>>> print(open('protein25.tsv').read())   # TSV, C-alpha atoms and all ligand atoms
chain	number	residue	atom	x	y	z
O	226	MET	CA	-55.04	41.47	-15.27
O	227	ARG	CA	-58.12	39.31	-15.21
O	228	LEU	CA	-57.37	37.20	-12.19
O	229	PRO	CA	-60.69	36.15	-10.65
O	230	ALA	CA	-61.14	37.44	-7.14
O	231	SER	CA	-61.94	33.96	-5.83
O	232	TRP	CA	-58.41	32.73	-6.51
O	233	PRO	CA	-55.77	33.39	-3.93
O	234	ARG	CA	-52.94	35.45	-5.39
O	235	PHE	CA	-49.43	34.28	-4.92
O	236	PRO	CA	-46.15	35.62	-6.26
O	237	ALA	CA	-44.64	33.91	-9.26
O	238	ALA	CA	-41.69	32.60	-7.31
O	239	CYS	CA	-39.92	32.77	-4.03
O	240	TRP	CA	-37.94	35.90	-3.30
O	241	SER	CA	-34.77	33.90	-3.24
O	242	ARG	CA	-35.21	33.22	-6.95
O	243	GLY	CA	-35.21	36.93	-7.66
O	244	ASP	CA	-38.91	37.70	-7.71
O	245	ARG	CA	-39.63	40.78	-5.65
O	246	ALA	CA	-43.25	41.17	-6.62
O	247	GLY	CA	-45.79	41.38	-3.83
O	248	GLY	CA	-45.58	41.62	-0.08
O	249	PRO	CA	-43.85	44.19	2.10
O	250	ALA	CA	-40.08	44.42	2.05
O	251	GLY	CA	-38.45	41.72	4.08
O	252	ARG	CA	-41.61	39.64	4.39
O	253	ARG	CA	-41.99	37.72	1.20
O	254	PRO	CA	-44.63	35.08	0.72
O	255	THR	CA	-43.34	31.76	-0.52
O	256	PRO	CA	-44.44	30.00	-3.72
O	257	SER	CA	-48.05	29.22	-4.41
O	258	GLY	CA	-49.89	26.89	-2.17
O	259	SER	CA	-47.27	26.60	0.53
O	260	GLY	CA	-49.06	29.05	2.79
O	261	SER	CA	-46.11	29.88	5.00
O	262	PRO	CA	-44.38	33.23	4.51
O	263	CYS	CA	-40.66	33.61	4.03
O	264	PHE	CA	-39.43	36.27	6.44
O	265	TRP	CA	-35.84	36.50	5.29
O	266	PRO	CA	-34.64	40.14	5.51
O	267	ARG	CA	-34.42	41.99	2.24
O	268	ARG	CA	-30.86	43.18	2.78
O	269	SER	CA	-29.62	39.60	2.80
O	270	THR	CA	-30.73	38.94	-0.76
O	271	ARG	CA	-27.23	38.12	-1.88
O	272	TRP	CA	-26.88	35.14	0.42
O	273	HIS	CA	-30.52	34.30	0.79
O	274	GLY	CA	-30.54	31.56	-1.79
O	275	CYS	CA	-27.51	29.94	-0.25
O	276	TRP	CA	-28.59	30.01	3.37
O	277	SER	CA	-32.21	29.31	2.70
O	278	ARG	CA	-31.37	26.10	0.90
O	279	TRP	CA	-29.72	24.76	4.01
O	280	THR	CA	-32.31	26.08	6.42
O	281	GLY	CA	-35.09	24.60	4.36
O	282	ARG	CA	-36.83	27.92	3.72
O	283	CYS	CA	-36.58	27.92	-0.06
O	284	GLY	CA	-35.14	26.03	-3.01
O	285	PRO	CA	-34.83	22.25	-3.21
O	286	MET	CA	-34.62	21.77	0.53
O	287	ARG	CA	-37.73	23.81	1.04
O	288	ARG	CA	-39.60	21.74	-1.52
O	289	PHE	CA	-38.46	18.61	0.25
O	290	MET	CA	-39.56	19.97	3.62
O	291	SER	CA	-42.87	20.96	2.09
O	292	ALA	CA	-43.33	17.44	0.81
O	293	VAL	CA	-42.56	15.95	4.19
O	294	SER	CA	-44.69	18.43	6.08
O	295	SER	CA	-47.75	17.51	4.05
O	296	TRP	CA	-47.76	14.22	5.89
O	297	ARG	CA	-48.10	16.22	9.07
O	298	GLY	CA	-51.37	17.67	7.86
O	299	ARG	CA	-50.44	20.57	5.59
O	300	PRO	CA	-53.04	20.66	2.82
O	301	THR	CA	-51.68	20.37	-0.70
O	302	MET	CA	-55.00	20.91	-2.46
O	303	ALA	CA	-57.51	23.70	-2.52
O	304	GLU	CA	-59.99	23.90	0.31
O	305	PRO	CA	-62.95	21.56	0.05
O	306	SER	CA	-66.21	22.97	-1.22
O	307	PRO	CA	-69.57	21.53	-2.17
O	308	SER	CA	-68.74	21.94	-5.89
O	309	ALA	CA	-69.49	19.03	-8.13
O	310	SER	CA	-66.79	16.89	-9.64
O	311	LEU	CA	-65.42	17.90	-13.05
O	312	LEU	CA	-63.85	16.13	-15.99
O	313	THR	CA	-61.52	17.93	-18.39
O	314	THR	CA	-58.84	16.99	-20.87
O	315	SER	CA	-56.07	18.93	-22.62
O	316	TRP	CA	-53.90	18.15	-25.62
O	317	ASP	CA	-50.66	19.86	-26.46
O	318	ASP	CA	-48.74	20.75	-29.61
O	319	GLY	CA	-51.51	21.03	-32.22
O	320	HIS	CA	-50.34	17.99	-34.18
O	321	PRO	CA	-52.63	16.99	-37.10
O	322	LEU	CA	-53.39	13.77	-35.22
O	323	ASP	CA	-55.35	15.98	-32.82
O	324	MET	CA	-58.22	15.67	-35.28
O	325	ARG	CA	-58.27	11.91	-34.74
O	326	LEU	CA	-58.05	12.53	-31.02
O	327	ALA	CA	-60.97	14.95	-31.18
O	328	GLU	CA	-63.05	12.26	-32.86
O	329	ARG	CA	-62.34	9.92	-29.96
O	330	LEU	CA	-63.29	12.58	-27.46
O	331	LEU	CA	-66.55	13.31	-29.25
O	332	ARG	CA	-67.33	9.61	-29.49
O	333	HIS	CA	-67.09	9.38	-25.70
O	334	GLY	CA	-68.88	12.67	-25.12
O	335	VAL	CA	-65.83	14.26	-23.53
O	336	THR	CA	-64.62	17.77	-24.29
O	337	GLY	CA	-61.33	19.53	-23.66
O	338	THR	CA	-58.75	22.06	-24.75
O	339	PHE	CA	-56.16	21.94	-27.52
O	340	TYR	CA	-53.02	24.02	-26.98
O	341	VAL	CA	-51.61	24.95	-30.36
O	342	PRO	CA	-48.39	26.68	-31.40
O	343	VAL	CA	-48.28	28.48	-34.74
O	344	ARG	CA	-45.21	26.47	-35.73
O	345	ASN	CA	-43.38	23.68	-33.96
O	346	ARG	CA	-39.64	24.11	-33.89
O	347	ALA	CA	-39.30	20.41	-33.06
O	348	ASP	CA	-40.14	19.74	-36.74
O	349	ARG	CA	-43.57	18.39	-35.99
O	350	PRO	CA	-46.44	19.55	-38.19
O	351	VAL	CA	-49.32	21.53	-36.77
O	352	MET	CA	-52.99	21.60	-37.72
O	353	THR	CA	-54.27	23.82	-40.49
O	354	ALA	CA	-56.41	26.88	-39.88
O	355	ALA	CA	-59.42	24.94	-41.17
O	356	ASP	CA	-58.77	22.16	-38.63
O	357	LEU	CA	-58.61	24.67	-35.80
O	358	ARG	CA	-61.88	26.29	-36.85
O	359	GLU	CA	-63.47	22.86	-37.01
O	360	LEU	CA	-62.34	22.01	-33.50
O	361	ALA	CA	-63.58	25.32	-32.16
O	362	ALA	CA	-66.92	24.84	-33.90
O	363	ALA	CA	-67.23	21.43	-32.25
O	364	GLY	CA	-67.03	23.09	-28.85
O	365	PHE	CA	-63.40	22.47	-27.99
O	366	GLU	CA	-61.36	25.27	-26.48
O	367	ILE	CA	-58.28	26.36	-28.43
O	368	GLY	CA	-55.46	27.71	-26.27
O	369	SER	CA	-52.07	29.15	-27.05
O	370	HIS	CA	-48.81	27.21	-26.79
O	371	THR	CA	-46.45	30.04	-27.89
O	372	ALA	CA	-45.66	30.94	-31.49
O	373	ASP	CA	-42.87	28.42	-32.10
O	374	HIS	CA	-43.31	25.94	-29.25
O	375	ARG	CA	-40.47	27.56	-27.35
O	376	ARG	CA	-39.81	26.60	-23.74
O	377	LEU	CA	-39.97	29.78	-21.69
O	378	PRO	CA	-37.26	29.07	-19.07
O	379	GLY	CA	-34.53	29.53	-21.70
O	380	LEU	CA	-35.84	32.86	-22.99
O	381	SER	CA	-35.43	36.47	-21.93
O	382	ARG	CA	-38.52	38.21	-20.63
O	383	ALA	CA	-38.93	40.08	-23.93
O	384	ASP	CA	-38.62	36.94	-26.06
O	385	ALA	CA	-40.96	34.99	-23.81
O	386	GLY	CA	-43.52	37.80	-24.01
O	387	ARG	CA	-43.23	37.89	-27.81
O	388	GLN	CA	-43.71	34.14	-28.09
O	389	MET	CA	-46.80	34.26	-25.90
O	390	ALA	CA	-48.35	37.34	-27.52
O	391	ASP	CA	-47.60	36.37	-31.13
O	392	GLY	CA	-48.88	32.83	-30.66
O	393	ARG	CA	-52.14	34.05	-29.27
O	394	ALA	CA	-52.59	36.79	-31.91
O	395	ALA	CA	-52.16	34.26	-34.71
O	396	LEU	CA	-54.79	31.96	-33.19
O	397	GLU	CA	-57.20	34.84	-32.68
O	398	ASP	CA	-56.80	35.81	-36.34
O	399	ILE	CA	-57.58	32.26	-37.40
O	400	LEU	CA	-60.51	31.73	-35.05
O	401	GLY	CA	-61.94	35.23	-35.05
O	402	ARG	CA	-62.48	35.07	-31.32
O	403	PRO	CA	-60.44	35.79	-28.18
O	404	VAL	CA	-57.97	33.18	-26.94
O	405	ASP	CA	-57.38	33.41	-23.20
O	406	GLY	CA	-55.94	30.00	-22.32
O	407	PHE	CA	-52.24	29.21	-22.34
O	408	CYS	CA	-50.10	26.16	-21.74
O	409	PHE	CA	-46.36	26.38	-21.05
O	410	PRO	CA	-44.38	24.29	-23.58
O	411	GLY	CA	-42.53	21.70	-21.54
O	412	GLY	CA	-44.79	22.56	-18.62
O	413	ARG	CA	-42.48	25.01	-16.90
O	414	PRO	CA	-43.20	28.73	-16.67
O	415	GLY	CA	-39.62	29.72	-15.91
O	416	ARG	CA	-38.90	33.04	-14.27
O	417	TRP	CA	-41.38	35.12	-16.28
O	418	GLY	CA	-44.09	32.78	-17.48
O	419	ARG	CA	-46.76	33.26	-14.85
O	420	LEU	CA	-46.20	36.99	-14.59
O	421	LEU	CA	-46.38	37.42	-18.37
O	422	ALA	CA	-49.51	35.29	-18.61
O	423	ARG	CA	-51.20	37.69	-16.18
O	424	GLU	CA	-49.87	40.80	-17.89
O	425	LEU	CA	-50.89	39.63	-21.34
O	426	GLY	CA	-54.44	39.02	-20.18
O	427	PHE	CA	-54.60	35.26	-20.26
O	428	SER	CA	-57.17	33.87	-17.83
O	429	TYR	CA	-55.03	30.91	-16.82
O	430	ALA	CA	-51.95	28.90	-17.74
O	431	ARG	CA	-51.62	25.14	-17.56
O	432	THR	CA	-48.49	23.36	-16.38
O	433	THR	CA	-47.45	19.70	-16.44
O	434	GLN	CA	-47.87	19.25	-12.73
O	435	MET	CA	-49.66	15.92	-12.32
O	436	LEU	CA	-51.06	13.79	-9.51
O	437	ARG	CA	-53.74	16.29	-8.47
O	438	ILE	CA	-57.51	15.91	-8.32
O	439	ASP	CA	-58.09	19.64	-8.02
O	440	ALA	CA	-57.14	22.50	-10.33
O	441	GLY	CA	-54.53	23.90	-7.97
O	442	ALA	CA	-54.56	27.18	-6.06
O	443	ASP	CA	-53.02	29.36	-8.76
O	444	PRO	CA	-54.80	29.72	-12.13
O	445	PHE	CA	-51.45	30.54	-13.73
O	446	ALA	CA	-50.04	27.22	-12.58
O	447	MET	CA	-52.99	24.99	-13.39
O	448	ALA	CA	-52.36	21.41	-12.34
O	449	THR	CA	-53.44	18.15	-13.97
O	450	THR	CA	-54.19	14.63	-12.79
O	451	ALA	CA	-52.36	12.40	-15.24
O	452	GLN	CA	-50.77	12.24	-18.66
O	453	ILE	CA	-51.68	9.48	-21.04
O	454	TYR	CA	-48.14	8.21	-21.18
O	455	PRO	CA	-46.56	5.16	-19.52
O	456	HIS	CA	-44.27	7.11	-17.22
O	457	ARG	CA	-41.62	5.24	-15.32
O	458	PRO	CA	-42.04	5.49	-11.56
O	459	ALA	CA	-38.90	7.67	-11.41
O	460	ALA	CA	-40.55	10.28	-13.64
O	461	LEU	CA	-43.64	10.31	-11.46
O	462	TRP	CA	-41.51	10.72	-8.36
O	463	ARG	CA	-39.70	13.67	-9.96
O	464	ASN	CA	-43.03	15.30	-10.76
O	465	TRP	CA	-44.22	14.63	-7.22
O	466	LEU	CA	-41.14	16.15	-5.63
O	467	ARG	CA	-40.83	19.12	-8.00
O	468	HIS	CA	-44.35	20.26	-7.21
O	469	GLY	CA	-44.30	20.03	-3.46
O	470	GLY	CA	-44.90	16.36	-2.80
O	471	GLY	CA	-47.89	15.69	-0.61
O	472	GLY	CA	-49.49	12.59	0.81
O	473	SER	CA	-52.57	12.85	-1.37
O	474	ARG	CA	-50.46	13.15	-4.51
O	475	LEU	CA	-48.44	10.17	-3.33
O	476	ALA	CA	-51.59	8.06	-3.32
O	477	ILE	CA	-52.25	9.00	-6.95
O	478	LEU	CA	-48.61	8.33	-7.82
O	479	ARG	CA	-48.98	4.82	-6.48
O	480	ALA	CA	-52.08	4.32	-8.60
O	481	LEU	CA	-50.23	5.39	-11.75
O	482	ALA	CA	-46.95	3.56	-11.16
O	483	LEU	CA	-47.36	0.75	-13.65
O	484	ARG	CA	-46.38	-2.76	-12.76
O	485	GLY	CA	-44.14	-4.77	-15.02
O	486	GLY	CA	-45.38	-7.84	-16.83
O	487	VAL	CA	-48.55	-6.24	-18.14
O	488	ALA	CA	-48.97	-4.74	-21.59
O	489	GLN	CA	-48.23	-1.04	-21.20
O	490	ASP	CA	-51.33	0.26	-22.90
O	491	VAL	CA	-53.64	-2.10	-21.01
O	492	ALA	CA	-52.08	-1.27	-17.65
O	493	LEU	CA	-52.14	2.47	-18.34
O	494	GLY	CA	-55.75	2.39	-19.55
O	495	ASP	CA	-56.85	0.42	-16.49
O	496	ALA	CA	-54.95	2.69	-14.08
O	497	LEU	CA	-56.46	5.82	-15.62
O	498	ALA	CA	-59.93	4.29	-15.63
O	499	VAL	CA	-59.80	3.47	-11.93
O	500	LEU	CA	-58.32	6.88	-11.19
O	501	ALA	CA	-61.18	8.58	-13.04
O	502	ARG	CA	-63.79	6.61	-11.12
O	503	ARG	CA	-62.17	7.32	-7.76
O	504	THR	CA	-61.81	11.02	-8.58
O	505	ALA	CA	-65.51	11.27	-9.39
O	506	LEU	CA	-66.39	9.53	-6.12
O	507	ARG	CA	-64.30	12.11	-4.27
O	508	HIS	CA	-65.92	15.01	-6.15
O	509	GLY	CA	-62.55	16.01	-7.54
O	510	VAL	CA	-61.28	17.21	-10.90
O	511	PHE	CA	-60.03	14.55	-13.29
O	512	HIS	CA	-57.73	16.30	-15.76
O	513	LEU	CA	-56.21	14.01	-18.36
O	514	TRP	CA	-53.67	15.45	-20.77
O	515	GLY	CA	-51.27	14.30	-23.43
O	516	HIS	CA	-49.99	14.52	-27.01
O	517	SER	CA	-51.77	12.88	-29.93
O	518	TRP	CA	-48.47	12.21	-31.72
O	519	GLU	CA	-47.20	10.40	-28.62
O	520	ILE	CA	-50.38	8.35	-28.27
O	521	ASP	CA	-49.99	7.27	-31.86
O	522	ALA	CA	-46.28	6.55	-31.65
O	523	ARG	CA	-46.69	4.41	-28.52
O	524	GLY	CA	-49.88	2.66	-29.54
O	525	LEU	CA	-51.94	4.13	-26.72
O	526	TRP	CA	-55.24	4.66	-28.54
O	527	GLY	CA	-56.73	1.67	-26.73
O	528	ALA	CA	-55.61	3.05	-23.38
O	529	LEU	CA	-57.16	6.39	-24.27
O	530	ASP	CA	-60.45	4.71	-25.15
O	531	ARG	CA	-60.52	2.81	-21.87
O	532	ALA	CA	-59.74	5.92	-19.85
O	533	LEU	CA	-62.31	8.08	-21.68
O	534	ALA	CA	-65.02	5.44	-21.46
O	535	ALA	CA	-64.51	5.08	-17.73
O	536	ALA	CA	-64.36	8.85	-17.22
O	537	ALA	CA	-67.52	9.40	-19.26
O	538	ALA	CA	-69.32	6.78	-17.21
O	539	ALA	CA	-68.19	8.35	-13.95
O	540	PHE	CA	-68.80	12.04	-14.75
O	541	PRO	CA	-72.25	13.28	-15.83
O	542	THR	CA	-72.45	15.23	-19.07
O	543	GLU	CA	-72.79	18.60	-17.38
O	544	SER	CA	-69.54	18.09	-15.47
O	545	ARG	CA	-67.41	17.60	-18.60
O	546	VAL	CA	-65.75	20.93	-19.29
O	547	VAL	CA	-62.91	22.64	-21.13
O	548	ASN	CA	-59.88	23.84	-19.16
O	549	ARG	CA	-61.07	27.44	-19.06
O	550	ALA	CA	-64.07	26.40	-16.99
O	551	LEU	CA	-61.77	25.34	-14.16
O	552	VAL	CA	-60.99	29.00	-13.57
O	553	THR	CA	-64.54	30.26	-13.40
O	554	LEU	CA	-66.08	27.27	-11.67
O	555	ARG	CA	-63.16	26.87	-9.31
O	556	PRO	CA	-63.95	23.24	-8.73
O	557	VAL	CA	-62.23	21.63	-5.85
O	558	ASN	CA	-62.21	18.23	-4.42
O	559	ALA	CA	-63.77	16.67	-1.42
O	560	PRO	CA	-61.32	15.74	1.33
O	561	PRO	CA	-58.20	14.46	-0.42
O	562	PRO	CA	-57.13	10.85	-0.08
O	563	ARG	CA	-54.99	10.09	2.89
O	564	PRO	CA	-51.48	8.74	2.38
O	565	GLN	CA	-52.53	5.37	3.73
O	566	ASP	CA	-55.46	5.11	1.33
O	567	SER	CA	-55.11	2.79	-1.56
O	568	PHE	CA	-55.96	5.07	-4.46
O	569	PRO	CA	-57.30	3.23	-6.26
W	601	ZN	ZN	-45.83	21.19	-26.12
>>> encode(input="protein25.tsv", output="structure tokens")
Amino acid sequence: MRLPASWPRFPAACWSRGDRAGGPAGRRPTPSGSGSPCFWPRRSTRWHGCWSRWTGRCGPMRRFMSAVSSWRGRPTMAEPSPSASLLTTSWDDGHPLDMRLAERLLRHGVTGTFYVPVRNRADRPVMTAADLRELAAAGFEIGSHTADHRRLPGLSRADAGRQMADGRAALEDILGRPVDGFCFPGGRPGRWGRLLARELGFSYARTTQMLRIDAGADPFAMATTAQIYPHRPAALWRNWLRHGGGGSRLAILRALALRGGVAQDVALGDALAVLARRTALRHGVFHLWGHSWEIDARGLWGALDRALAAAAAAFPTESRVVNRALVTLRPVNAPPPRPQDSFP
């Protein structure tokens, strides 16, 4: 385990979901970031999930209560610190179009991390070994995305571990250097993902949680700010609710909820540009992520250029980092936006 001491350690999941790691019997901490312990007695495990859902201690009701309670002052981001603002990007799936994407990043002076599976079972091609070496030589971080781009929630612990270990080993063979970054395909760690990431020696694992301008409290559930994708408001609301809600995240949701009547790529590019500028002003972390194949299929290269240009103008060169740096630098934001703020 290489969990940095500066990160608070939380269990992978609530006790009611079957995770008994950490904490004395009968006094189980709740999922990361919530801060309030779950004191349900151990002997009531069998009914815990049922009762707790209705009492709001765990499960969907708990997440809803957590979302609501954030408006009463519960922080949903890491504690403020004097750290400088940071800009990072990450790109999933290792599609050959990542090379075109890397050119755009370099043109704007922005770096980032590419999460690459060895094969993609969704019948999408992946970059060659030479491409990966070229990206690494250009200063980009290469992270693992399992061997076959398998989503972990549907796998047994053994299969999930194999996917994670084999994917990383193949990348290390290609690159000739250690690979310690991981991104969950589909964004969800499932029952074992975070635990396995720790056990296998990864330094961090990125999720698809959005609407944050900090890296999150748990390095094995790294959060992001926005995806370069014209999400419908309903999708943003689902992401907001699934990851604990929060007034500050709601402000970012409002900024990203695209209005009708405007060309999608223009509206998305403008929204991301303003979001990047506001994040820099708040000394937060602007973490843009996406898929090159999706950008190409939806004609979002212009939106990407607008977002990267604005981000590069807002963040000084020394604050543009790869995902791995979020773990060691532990950048956090200045006081988060209030729910009533217009953000942007
Ligand atoms: Zn993926």
>>> atom_distance(input="protein25.tsv", atom1="atom CA of O:Asp373", atom2="atom CA of O:Asp348")
10.2 Å
>>> closest_residue(input="protein25.tsv", among="O:His333, O:Arg457, O:Arg431, O:Arg349", to="O:Trp518", atoms="only C-alpha atoms")
O:Arg349
>>> closest_residue(input="protein25.tsv", among="O:Arg325, O:Ser517, O:Ala383, O:Trp462", to="ligand ZN 601 (chain W)", atoms="all atoms listed in the file")
O:Ser517
>>> atom_distance(input="protein25.tsv", atom1="atom CA of O:Trp316", atom2="atom CA of O:Pro455")
16.1 Å
>>> closest_residue(input="protein25.tsv", among="O:Val491, O:Ala505, O:Leu330, O:Val404", to="O:Leu525", atoms="all atoms listed in the file")
O:Val491
>>> atom_distance(input="protein25.tsv", atom1="atom CA of O:Thr314", atom2="atom CA of O:Gly337")
4.5 Å
>>> residues_around(input="protein25.tsv", residues="O:Leu326", least_positions_apart="3", cutoff="10 Å", atoms="all atoms listed in the file", output="ChimeraX atom specification")
/O:316,320-323,329-332,516-518,520-521,526,529
>>> residues_near_ligand(input="protein25.tsv", ligand="ligand ZN 601 (chain W)", cutoff="8 Å", atoms="only C-alpha atoms and all ligand atoms", output="list in words")
Asp317, Asp318, Tyr340, His370, His374, Cys408, Phe409, Pro410, Gly411, Gly412 and His516 of chain O
>>> residues_around(input="protein25.tsv", residues="O:Arg375", least_positions_apart="6", cutoff="12 Å", atoms="all atoms listed in the file", output="list in words")
Asp318, Val341, Pro342, Val343, Arg344, Asn345, Arg346, Ala347, Ser369, Ser381, Asp384, Ala385, Gly386, Arg387, Gln388, Met389, Asp391, Gly392, Cys408, Phe409, Pro410, Gly411, Gly412, Arg413, Pro414, Gly415 and Gly418 of chain O
